[in-house]
$ cat target-v9.cif   # mmCIF, C-alpha atoms
data_start
loop_
_atom_site.label_atom_id
_atom_site.label_comp_id
_atom_site.auth_asym_id
_atom_site.auth_seq_id
_atom_site.Cartn_x
_atom_site.Cartn_y
_atom_site.Cartn_z
CA MET A 29 -18.73 90.53 -3.17
CA ASN A 30 -19.21 90.40 -6.90
CA LYS A 31 -17.73 93.88 -7.18
CA LYS A 32 -14.71 92.91 -5.08
CA PHE A 33 -14.07 89.93 -7.32
CA LYS A 34 -14.32 91.98 -10.48
CA GLU A 35 -12.07 94.70 -9.09
CA GLY A 36 -9.59 92.10 -7.91
CA PHE A 37 -9.21 90.70 -11.40
CA ALA A 38 -9.35 94.04 -13.19
CA ASN A 39 -5.63 94.19 -13.85
CA ILE A 40 -5.39 90.64 -15.13
CA ARG A 41 -6.00 91.09 -18.81
CA VAL A 42 -4.98 89.92 -22.26
CA SER A 43 -1.81 91.63 -23.42
CA ASP A 44 -1.64 93.37 -26.81
CA GLU A 45 0.89 90.80 -27.94
CA LEU A 46 -1.37 87.88 -27.03
CA GLU A 47 -4.30 89.54 -28.74
CA ARG A 48 -2.26 90.02 -31.93
CA LYS A 49 -1.20 86.39 -31.77
CA VAL A 50 -4.77 85.11 -31.54
CA LEU A 51 -6.01 87.35 -34.32
CA ASP A 52 -3.04 86.41 -36.52
CA MET A 53 -3.98 82.76 -36.10
CA THR A 54 -7.65 83.36 -36.89
CA ILE A 55 -9.14 86.20 -38.87
CA ASN A 56 -5.84 87.67 -40.08
CA LYS A 57 -4.74 84.24 -41.25
CA GLU A 58 -7.90 84.03 -43.35
CA ILE A 59 -7.42 87.58 -44.66
CA ASN A 60 -3.86 86.74 -45.66
CA LYS A 61 -5.04 83.60 -47.34
CA LYS A 62 -7.49 85.64 -49.37
CA ARG A 63 -4.77 87.97 -50.64
CA LEU A 64 -3.31 85.45 -53.03
CA PRO A 65 -1.75 86.57 -56.28
CA ARG A 66 -4.05 86.73 -59.28
CA LEU A 67 -2.04 84.00 -60.93
CA VAL A 68 -3.00 81.64 -58.10
CA TYR A 69 -6.67 82.56 -58.48
CA ALA A 70 -6.43 82.00 -62.24
CA SER A 71 -4.74 78.64 -61.68
CA VAL A 72 -7.42 77.57 -59.24
CA ILE A 73 -10.18 78.51 -61.70
CA ILE A 74 -8.47 76.63 -64.54
CA ILE A 75 -8.03 73.58 -62.37
CA MET A 76 -11.65 73.71 -61.26
CA LEU A 77 -12.85 74.00 -64.85
CA GLY A 78 -10.66 71.07 -65.75
CA MET A 79 -12.08 69.01 -62.94
CA PHE A 80 -15.67 69.74 -63.97
CA SER A 81 -15.00 68.58 -67.50
CA LEU A 82 -13.49 65.24 -66.48
CA THR A 83 -15.29 61.88 -66.62
CA LEU A 84 -16.58 59.50 -63.93
CA VAL A 85 -13.23 57.71 -64.01
CA TYR A 86 -11.61 60.78 -62.47
CA ALA A 87 -14.39 61.00 -59.93
CA LYS A 88 -13.62 57.42 -58.99
CA GLU A 89 -9.98 58.36 -58.44
CA ILE A 90 -11.00 61.11 -56.00
CA LYS A 91 -13.03 58.60 -53.98
CA GLU A 92 -10.13 56.15 -53.94
CA PHE A 93 -7.86 58.83 -52.60
CA PHE A 94 -9.75 58.73 -49.36
CA GLN A 95 -10.17 55.01 -49.15
CA ASN A 96 -7.24 54.94 -46.78
CA TRP A 97 -5.66 57.27 -44.27
CA SER A 98 -2.24 57.64 -42.74
CA SER A 99 -0.71 59.23 -39.69
CA ASN A 100 2.75 60.56 -39.02
CA ILE A 101 4.71 62.26 -36.32
CA VAL A 102 7.40 64.89 -36.88
CA PHE A 103 10.16 65.50 -34.37
CA LYS A 104 11.90 68.73 -33.57
CA ASN A 105 14.94 67.74 -35.64
CA GLY A 106 12.67 67.40 -38.68
CA GLU A 107 12.68 63.61 -38.74
CA LYS A 108 9.34 62.09 -39.61
CA GLN A 109 8.11 58.71 -38.43
CA THR A 110 5.07 57.03 -39.94
CA ILE A 111 2.69 55.63 -37.37
CA VAL A 112 0.41 54.02 -39.92
CA GLU A 113 0.00 53.91 -43.70
CA ASN A 114 -3.12 52.67 -45.46
CA GLY A 115 -5.27 52.90 -42.36
CA ILE A 116 -8.82 51.70 -42.95
CA PHE A 117 -11.77 53.85 -41.93
CA LYS A 118 -13.91 52.44 -39.15
CA LYS A 119 -17.62 51.90 -39.65
CA ILE A 120 -19.24 53.95 -36.89
CA PRO A 121 -22.96 53.16 -36.47
CA ALA A 122 -25.31 56.00 -37.33
CA THR A 123 -26.79 55.55 -33.86
CA ALA A 124 -23.52 56.45 -32.12
CA LYS A 125 -23.74 59.48 -29.86
CA LYS A 126 -22.63 62.92 -30.97
CA SER A 127 -20.96 64.91 -28.27
CA GLY A 128 -21.68 68.52 -29.21
CA ASN A 129 -19.20 71.36 -29.21
CA ASP A 130 -16.09 70.10 -27.43
CA SER A 131 -17.93 68.73 -24.43
CA GLY A 132 -16.97 65.12 -23.82
CA ILE A 133 -19.52 62.54 -22.75
CA GLU A 134 -18.39 60.50 -19.77
CA MET A 135 -18.62 56.81 -20.61
CA THR A 136 -16.99 53.53 -19.64
CA GLU A 137 -15.01 51.35 -22.01
CA ASN A 138 -17.84 48.81 -22.15
CA GLU A 139 -20.41 51.47 -22.97
CA ILE A 140 -18.26 52.86 -25.77
CA GLU A 141 -17.60 49.41 -27.22
CA GLU A 142 -21.27 48.54 -27.10
CA MET A 143 -22.16 51.78 -28.83
CA LEU A 144 -19.53 51.48 -31.54
CA GLY A 145 -19.92 47.76 -32.12
CA PHE A 146 -16.23 46.98 -31.84
CA LYS A 147 -13.67 46.68 -29.10
CA ILE A 148 -10.88 49.03 -28.12
CA LEU A 149 -7.70 48.13 -26.28
CA GLY A 150 -7.97 47.83 -22.54
CA TYR A 151 -5.77 46.97 -19.59
CA ASP A 152 -6.75 44.68 -16.72
CA LYS A 153 -5.00 46.85 -14.15
CA ALA A 154 -6.35 50.20 -15.34
CA THR A 155 -6.97 52.54 -12.43
CA SER A 156 -10.25 53.99 -13.64
CA LYS A 157 -12.90 53.04 -16.15
CA LYS A 158 -13.91 56.66 -16.78
CA MET A 159 -13.45 57.91 -20.33
CA PHE A 160 -14.60 61.02 -22.17
CA TYR A 161 -16.00 60.52 -25.65
CA THR A 162 -16.13 63.35 -28.21
CA THR A 163 -17.08 63.46 -31.86
CA GLY A 164 -16.05 65.65 -34.76
CA LEU A 165 -18.88 66.03 -37.24
CA ASN A 166 -18.67 66.16 -41.00
CA ASN A 167 -20.31 68.97 -42.94
CA ASP A 168 -23.32 66.74 -43.42
CA LYS A 169 -23.52 66.31 -39.61
CA THR A 170 -22.52 62.67 -39.67
CA ILE A 171 -19.65 61.57 -37.44
CA GLY A 172 -16.28 62.08 -39.10
CA ARG A 173 -13.99 61.53 -36.20
CA ILE A 174 -14.11 60.13 -32.67
CA ASP A 175 -11.71 61.00 -29.86
CA ILE A 176 -11.71 59.29 -26.50
CA TRP A 177 -9.78 60.72 -23.60
CA TYR A 178 -8.91 58.35 -20.78
CA PRO A 179 -7.39 60.66 -18.14
CA GLU A 180 -6.78 58.15 -15.33
CA PHE A 181 -5.84 55.12 -17.38
CA ILE A 182 -3.01 54.48 -14.92
CA TYR A 183 -2.95 56.68 -11.86
CA ASP A 184 -0.52 55.91 -9.07
CA ASN A 185 -0.44 59.45 -7.75
CA ASP A 186 -0.27 63.04 -8.96
CA GLU A 187 3.35 62.58 -9.99
CA LYS A 188 3.18 59.19 -11.68
CA ASN A 189 0.41 58.44 -14.13
CA ILE A 190 -0.55 57.67 -17.71
CA SER A 191 -3.43 59.12 -19.67
CA MET A 192 -4.55 57.74 -22.98
CA TYR A 193 -5.99 59.29 -26.13
CA ILE A 194 -7.82 57.08 -28.61
CA SER A 195 -8.75 58.48 -32.03
CA MET A 196 -10.42 57.06 -35.09
CA LEU A 197 -11.88 58.12 -38.43
CA ASN A 198 -15.29 57.11 -39.68
CA GLU A 199 -15.80 56.09 -43.29
CA ASN A 200 -16.62 59.17 -45.42
CA ALA A 201 -14.77 61.40 -42.96
CA ASP A 202 -14.36 64.91 -44.32
CA SER A 203 -11.01 65.62 -45.86
CA GLY A 204 -10.12 67.99 -43.03
CA TYR A 205 -10.12 65.13 -40.54
CA VAL A 206 -8.14 62.89 -42.87
CA TYR A 207 -5.47 65.54 -43.35
CA ALA A 208 -5.34 66.24 -39.62
CA PHE A 209 -4.58 62.56 -39.00
CA GLN A 210 -2.02 62.61 -41.76
CA GLU A 211 -0.17 65.57 -40.32
CA GLY A 212 -0.18 63.98 -36.86
CA LEU A 213 -2.48 64.40 -33.92
CA ASP A 214 0.04 65.09 -31.20
CA ALA A 215 0.21 68.86 -30.80
CA SER A 216 2.97 68.99 -28.20
CA GLY A 217 6.12 70.75 -29.32
CA GLY A 218 9.79 69.93 -28.92
CA LYS A 219 9.43 66.22 -29.58
CA ASP A 220 12.52 64.00 -29.35
CA LEU A 221 12.35 60.43 -30.62
CA GLU A 222 13.32 58.02 -27.85
CA LYS A 223 12.64 54.61 -29.30
CA THR A 224 10.67 52.63 -31.85
CA TYR A 225 9.96 48.96 -31.50
CA ASN A 226 7.64 46.30 -32.84
CA SER A 227 5.16 45.16 -30.26
CA ALA A 228 5.05 41.39 -30.01
CA ASN A 229 1.68 41.62 -28.30
CA LEU A 230 -0.05 43.89 -30.81
CA SER A 231 2.13 43.31 -33.89
CA VAL A 232 2.40 47.03 -34.51
CA LYS A 233 5.17 49.60 -34.56
CA VAL A 234 5.30 51.64 -31.38
CA ILE A 235 6.94 55.07 -31.39
CA MET A 236 8.08 56.53 -28.07
CA PHE A 237 9.11 60.12 -27.64
CA SER A 238 9.80 62.77 -25.04
CA ASN A 239 9.32 66.55 -25.04
CA ASP A 240 12.26 68.84 -24.45
CA TRP A 241 10.23 71.06 -22.10
CA SER A 242 9.52 68.26 -19.62
CA LYS A 243 11.83 65.79 -17.92
CA GLU A 244 8.88 63.74 -16.72
CA ARG A 245 6.86 63.14 -19.85
CA LEU A 246 7.11 60.08 -22.08
CA THR A 247 4.62 59.37 -24.86
CA ALA A 248 4.02 56.18 -26.80
CA THR A 249 1.88 56.10 -29.92
CA PHE A 250 0.79 53.37 -32.30
CA CYS A 251 -2.09 52.27 -34.48
CA TYR A 252 -3.99 49.07 -33.70
CA ASP A 253 -6.98 47.80 -35.62
CA ASN A 254 -7.15 51.14 -37.48
CA VAL A 255 -7.43 53.12 -34.25
CA LEU A 256 -4.73 55.55 -33.11
CA TYR A 257 -3.56 55.25 -29.51
CA GLU A 258 -1.42 57.71 -27.58
CA LEU A 259 -0.28 56.98 -24.04
CA ILE A 260 1.11 60.02 -22.25
CA GLY A 261 3.11 59.06 -19.19
CA HIS A 262 4.47 61.22 -16.41
CA ASN A 263 7.45 59.82 -14.53
CA ILE A 264 6.99 56.53 -16.37
CA THR A 265 10.06 54.67 -17.60
CA GLU A 266 10.38 53.12 -21.04
CA GLU A 267 10.28 49.68 -19.47
CA GLU A 268 7.08 50.46 -17.58
CA MET A 269 5.47 51.86 -20.71
CA ILE A 270 6.47 48.84 -22.79
CA ASN A 271 5.21 46.49 -20.09
CA ILE A 272 1.80 48.13 -20.19
CA ILE A 273 1.63 48.12 -24.00
CA GLU A 274 2.56 44.45 -24.06
CA ASN A 275 -0.37 43.71 -21.76
CA LEU A 276 -3.05 45.63 -23.61
CA HIS A 277 -5.81 43.56 -25.15
CA LEU A 278 -9.24 43.88 -26.71
CA MET B 10 -18.03 86.60 -39.86
CA ASP B 11 -14.57 87.99 -39.21
CA GLU B 12 -15.94 91.26 -37.88
CA GLU B 13 -18.35 89.40 -35.68
CA TYR B 14 -15.57 87.14 -34.41
CA ALA B 15 -13.39 90.15 -33.62
CA ARG B 16 -16.28 91.70 -31.72
CA VAL B 17 -16.81 88.54 -29.69
CA PHE B 18 -13.10 88.17 -29.06
CA ASN B 19 -12.88 91.69 -27.68
CA LEU B 20 -16.01 91.16 -25.63
CA PHE B 21 -14.91 87.98 -23.87
CA LYS B 22 -11.12 87.84 -24.07
CA ASN B 23 -10.45 89.21 -20.62
CA ASP B 24 -13.16 87.18 -18.88
CA ILE B 25 -11.84 83.97 -20.39
CA TYR B 26 -8.28 84.95 -19.59
CA ARG B 27 -9.21 85.62 -15.98
CA LEU B 28 -11.01 82.29 -15.75
CA ALA B 29 -7.95 80.47 -17.09
CA PHE B 30 -5.69 82.41 -14.77
CA SER B 31 -7.87 81.77 -11.73
CA TYR B 32 -7.58 78.03 -12.45
CA THR B 33 -3.95 77.75 -13.45
CA LYS B 34 -2.48 80.62 -11.41
CA ASN B 35 0.06 80.98 -14.19
CA TYR B 36 0.25 83.65 -16.91
CA LEU B 37 1.95 81.45 -19.49
CA ASP B 38 -0.62 78.70 -19.11
CA ALA B 39 -3.43 81.23 -19.25
CA ASP B 40 -1.92 82.62 -22.47
CA ASP B 41 -1.80 79.16 -24.05
CA ILE B 42 -5.31 78.32 -22.99
CA LEU B 43 -6.72 81.57 -24.29
CA GLN B 44 -5.13 81.01 -27.68
CA SER B 45 -6.34 77.44 -27.86
CA VAL B 46 -9.88 78.29 -26.85
CA PHE B 47 -10.35 81.18 -29.25
CA ILE B 48 -8.86 79.25 -32.15
CA LYS B 49 -11.40 76.51 -31.44
CA LEU B 50 -14.11 79.16 -31.31
CA TYR B 51 -13.04 80.46 -34.70
CA LYS B 52 -13.32 76.99 -36.22
CA ASN B 53 -16.83 76.54 -34.82
CA PHE B 54 -18.02 80.12 -34.96
CA ASP B 55 -20.86 79.61 -37.40
CA LYS B 56 -22.58 77.18 -35.02
CA PHE B 57 -23.56 79.74 -32.40
CA GLU B 58 -26.72 81.78 -32.21
CA ASP B 59 -25.96 84.47 -29.65
CA ASP B 60 -23.39 85.86 -27.25
CA THR B 61 -24.82 83.98 -24.29
CA SER B 62 -24.31 80.61 -25.92
CA ILE B 63 -20.83 81.63 -27.05
CA LYS B 64 -19.86 82.71 -23.55
CA LYS B 65 -21.06 79.47 -21.99
CA TRP B 66 -19.25 77.45 -24.62
CA LEU B 67 -16.06 79.43 -24.08
CA THR B 68 -16.34 78.91 -20.33
CA LYS B 69 -16.82 75.14 -20.66
CA VAL B 70 -14.01 74.72 -23.15
CA THR B 71 -11.67 76.86 -21.05
CA ILE B 72 -12.34 74.74 -17.98
CA ASN B 73 -11.76 71.57 -19.99
CA GLU B 74 -8.49 72.96 -21.31
CA CYS B 75 -7.43 73.90 -17.78
CA LYS B 76 -8.22 70.42 -16.53
CA THR B 77 -6.28 68.81 -19.38
CA LEU B 78 -3.31 71.01 -18.59
CA PHE B 79 -3.60 70.31 -14.92
CA LEU B 80 -3.39 66.55 -15.41
CA SER B 81 0.20 67.00 -16.45
CA ALA B 82 2.29 66.47 -13.33
CA TRP B 83 4.82 68.94 -14.64
CA LYS B 84 2.24 71.66 -14.89
CA ARG B 85 1.20 71.05 -11.31
CA LYS B 86 4.46 72.43 -10.05
CA ILE B 87 3.15 75.97 -9.89
CA PHE B 88 4.03 78.63 -7.43
CA PRO B 89 1.40 80.16 -5.19
CA ILE B 90 0.49 83.66 -6.17
CA THR B 91 2.04 85.08 -3.01
CA ASP B 92 5.46 84.17 -4.36
CA LYS B 93 4.97 86.31 -7.43
CA GLU B 94 3.06 89.30 -6.22
CA GLU B 95 5.14 91.60 -8.36
CA ASN B 96 3.55 90.04 -11.44
CA ILE B 97 0.10 91.24 -10.53
CA PRO B 98 -0.37 94.99 -10.55
CA ILE B 99 -3.13 95.07 -7.95
CA ASN B 100 -4.06 98.59 -6.96
CA LYS B 101 -5.62 98.06 -3.60
CA LYS B 102 -4.34 96.02 -0.72
CA GLN B 103 -7.87 94.76 -0.19
CA ASP B 104 -7.96 93.37 -3.72
CA LEU B 105 -4.57 91.75 -3.21
CA ASP B 106 -5.80 90.08 -0.04
CA LEU B 107 -8.90 88.72 -1.78
CA ILE B 108 -7.10 87.43 -4.85
CA ASN B 109 -4.23 86.01 -2.84
CA THR B 110 -6.65 84.28 -0.54
CA LEU B 111 -8.66 82.99 -3.48
CA PHE B 112 -5.58 81.43 -4.98
CA GLN B 113 -4.86 79.56 -1.78
CA LEU B 114 -8.12 77.68 -2.08
CA PRO B 115 -8.33 74.33 -3.86
CA LYS B 116 -9.12 74.76 -7.53
CA LYS B 117 -12.66 73.36 -7.31
CA TYR B 118 -13.53 76.10 -4.84
CA ARG B 119 -11.71 78.79 -6.80
CA LEU B 120 -13.66 77.81 -9.87
CA VAL B 121 -17.13 78.01 -8.32
CA LEU B 122 -16.31 81.29 -6.61
CA PHE B 123 -15.06 82.74 -9.89
CA LEU B 124 -18.06 81.57 -11.85
CA PHE B 125 -20.48 82.79 -9.17
CA TYR B 126 -18.99 86.10 -8.17
CA TYR B 127 -17.05 87.18 -11.22
CA GLU B 128 -19.14 85.71 -14.03
CA ASP B 129 -22.44 86.17 -12.15
CA TYR B 130 -23.61 82.70 -13.16
CA LYS B 131 -26.45 81.13 -11.21
CA ILE B 132 -26.06 77.80 -9.43
CA LYS B 133 -27.97 76.01 -12.15
CA GLU B 134 -25.77 77.48 -14.86
CA ILE B 135 -22.59 76.60 -12.99
CA ALA B 136 -23.84 73.04 -12.57
CA GLU B 137 -24.44 72.82 -16.32
CA ILE B 138 -21.04 74.26 -17.17
CA LEU B 139 -19.15 71.95 -14.82
CA ASN B 140 -21.42 69.00 -15.54
CA VAL B 141 -22.11 68.30 -11.88
CA LYS B 142 -25.29 68.33 -9.81
CA GLU B 143 -26.70 71.58 -8.48
CA ALA B 144 -26.47 70.21 -4.94
CA THR B 145 -22.74 69.69 -5.44
CA ILE B 146 -22.29 73.27 -6.58
CA LYS B 147 -24.25 74.56 -3.60
CA THR B 148 -22.06 72.54 -1.27
CA ARG B 149 -18.85 73.68 -2.90
CA LEU B 150 -19.96 77.30 -2.85
CA SER B 151 -20.92 77.08 0.77
CA ARG B 152 -17.60 75.51 1.73
CA ALA B 153 -15.66 77.93 -0.43
CA ARG B 154 -17.33 80.91 1.21
CA SER B 155 -16.68 79.46 4.61
CA LEU B 156 -13.00 78.90 3.83
CA LEU B 157 -12.65 82.34 2.30
CA LYS B 158 -14.34 83.88 5.31
CA ASP B 159 -11.97 82.15 7.70
CA MET B 160 -8.95 83.24 5.72
CA LEU B 161 -9.92 86.83 5.06
CA GLU B 162 -10.09 89.53 7.70
CA GLY B 163 -13.61 90.69 8.31
CA GLY B 164 -15.18 87.83 6.29
CA ILE B 165 -17.78 88.23 3.54
CA LYS B 166 -21.54 88.39 3.43
CA ASN B 167 -23.49 85.34 2.38
CA GLU B 168 -25.11 86.36 -0.90
#
$ encode --input "target-v9.cif" --output "structure tokens"
Amino acid sequence: MNKKFKEGFANIRVSDELERKVLDMTINKEINKKRLPRLVYASVIIIMLGMFSLTLVYAKEIKEFFQNWSSNIVFKNGEKQTIVENGIFKKIPATAKKSGNDSGIEMTENEIEEMLGFKILGYDKATSKKMFYTTGLNNDKTIGRIDIWYPEFIYDNDEKNISMYISMLNENADSGYVYAFQEGLDASGGKDLEKTYNSANLSVKVIMFSNDWSKERLTATFCYDNVLYELIGHNITEEEMINIIENLHL
Amino acid sequence: MDEEYARVFNLFKNDIYRLAFSYTKNYLDADDILQSVFIKLYKNFDKFEDDTSIKKWLTKVTINECKTLFLSAWKRKIFPITDKEENIPINKKQDLDLINTLFQLPKKYRLVLFLFYYEDYKIKEIAEILNVKEATIKTRLSRARSLLKDMLEGGIKNE
């Protein structure tokens, strides 16, 4: 049977084009990065020497640079909307769980809140309490970033549902995580801005957008209490999405 | 590290692609998932000790990516493989029957069959990858075999 399976899949394989694409985005990208002009290398060395010779005042400025974080979203027409400026890093307890390589830990909202020591937004009529908690670690192995995936936040049926992503940065998060938040966490392409409004319930700006490759998808994103929220709805109207947001609470 | 990554990529690319395809039944989705998974691997590559741990990690992440994709209602509107036979250059009719039949099974059964028969994982390993109990995997495998047997001509041996 094993042989039959392997033979059956034998002709399903990675195309040369796909292989080139993956390698271009990984090792070839790094090789290309390394082939910088000598002038760039010289500039980098000069800058580094300059930085080493500076005083503690400059060192203080570097620390202040990361005292806040921001997050934005860019639409397909090039327009950029700011979700949050001057976000404050959360204080994640050192005892908080670390999830390991990309495998989420299944937890409830209460368990996550108890572990983190602060509350996250919830909804009384949520369909499921099941969430998946993952951590991104800093170079020193402390937690830099936390992502929580709530797949069945609202689940009417296969066609109509909302999932939620919750993301936050820990204090002393590595710069990579800070920049990733700054550039925007939503990786879906073809974004069209649908609406922005100020939530009376949460007192935050909510940005709602669709994707040009799906007629059914509507996403709302905002920052509350220095935590980024993204609600991805399928066959959910703007009114339904707003109604849910206006009934979220800690 | 780049040479090592390229070696690992070549070693596992097709297995991971076939896993993604067996779940999604869609070439474009399998393409996207493969890219995503191997880019993640590249970012974490220095954390692995050997090929076995890399393969298991790739398998877990691929399944997670497939599940994430599958939660999108839009992505669920996929066509059964029998509607696009011309896309799969299967050499033997027997292979076509097996793969076609496999793709008619619910995804939880397709997944355990793929991991057991194609990847040669043991029950315990499959349970760890899917994060479910061994008893659940045994049940799913048993039911999957039974379904496959009913649907195929001649059935299969219990192995």
$ interface_residues --input "target-v9.cif" --of "chain A" --to "chain B" --cutoff "10 Å" --atoms "only C-alpha atoms" --output "ChimeraX atom specification"
/A:29-43,46-47,49-51,53-56,58-59,129-134,177,179-180,185-191,241-245,260-263
$ closest_residue --input "target-v9.cif" --among "A:Asp184, A:Ile273, A:Ser99, A:Asp168" --to "Val206 in chain A" --atoms "all atoms listed in the file"
A:Ser99
$ residues_near_point --input "target-v9.cif" --point "(14.0, 55.3, -23.5)" --cutoff "7 Å" --atoms "all atoms listed in the file" --output "list in words"
Glu222, Lys223 and Glu266 of chain A
$ residues_around --input "target-v9.cif" --residues "Gly115 in chain A" --least-positions-apart "6" --cutoff "12 Å" --atoms "only C-alpha atoms" --output "count of residues only"
21
$ atom_distance --input "target-v9.cif" --atom1 "CA of Asn166 in chain A" --atom2 "CA of Ala208 in chain A"
13.4 Å
$ closest_residue --input "target-v9.cif" --among "B:Lys133, B:Arg154, B:Arg16, B:Lys142" --to "Asp60 in chain B" --atoms "all atoms listed in the file"
B:Arg16
$ build_atoms --input "target-v9.cif" --residues "range 22-35 of chain B" --atoms "N, CA and C atoms" --output "short mmCIF file (atom, residue, chain, number, x, y, z; two decimals), in the coordinates of the input"
data_model
loop_
_atom_site.label_atom_id
_atom_site.label_comp_id
_atom_site.auth_asym_id
_atom_site.auth_seq_id
_atom_site.Cartn_x
_atom_site.Cartn_y
_atom_site.Cartn_z
N LYS B 22 -12.52 88.27 -24.23
CA LYS B 22 -11.12 87.84 -24.07
C LYS B 22 -10.65 87.93 -22.63
N ASN B 23 -10.97 89.04 -21.97
CA ASN B 23 -10.45 89.21 -20.62
C ASN B 23 -11.15 88.29 -19.61
N ASP B 24 -12.44 88.09 -19.78
CA ASP B 24 -13.16 87.18 -18.88
C ASP B 24 -12.58 85.77 -18.97
N ILE B 25 -12.36 85.32 -20.19
CA ILE B 25 -11.84 83.97 -20.39
C ILE B 25 -10.41 83.88 -19.87
N TYR B 26 -9.67 84.92 -20.08
CA TYR B 26 -8.28 84.95 -19.59
C TYR B 26 -8.26 84.87 -18.07
N ARG B 27 -9.16 85.62 -17.44
CA ARG B 27 -9.21 85.62 -15.98
C ARG B 27 -9.67 84.27 -15.44
N LEU B 28 -10.58 83.64 -16.14
CA LEU B 28 -11.01 82.29 -15.75
C LEU B 28 -9.82 81.33 -15.82
N ALA B 29 -9.10 81.37 -16.93
CA ALA B 29 -7.95 80.47 -17.09
C ALA B 29 -6.89 80.76 -16.02
N PHE B 30 -6.70 82.04 -15.76
CA PHE B 30 -5.69 82.41 -14.77
C PHE B 30 -6.12 81.99 -13.37
N SER B 31 -7.40 82.13 -13.08
CA SER B 31 -7.87 81.77 -11.73
C SER B 31 -7.70 80.27 -11.50
N TYR B 32 -7.74 79.49 -12.56
CA TYR B 32 -7.58 78.03 -12.45
C TYR B 32 -6.11 77.64 -12.39
N THR B 33 -5.34 78.20 -13.31
CA THR B 33 -3.95 77.75 -13.45
C THR B 33 -2.98 78.52 -12.56
N LYS B 34 -3.34 79.74 -12.20
CA LYS B 34 -2.48 80.62 -11.41
C LYS B 34 -1.15 80.88 -12.12
N ASN B 35 -1.19 80.87 -13.43
CA ASN B 35 0.06 80.98 -14.19
C ASN B 35 -0.22 81.74 -15.49
#
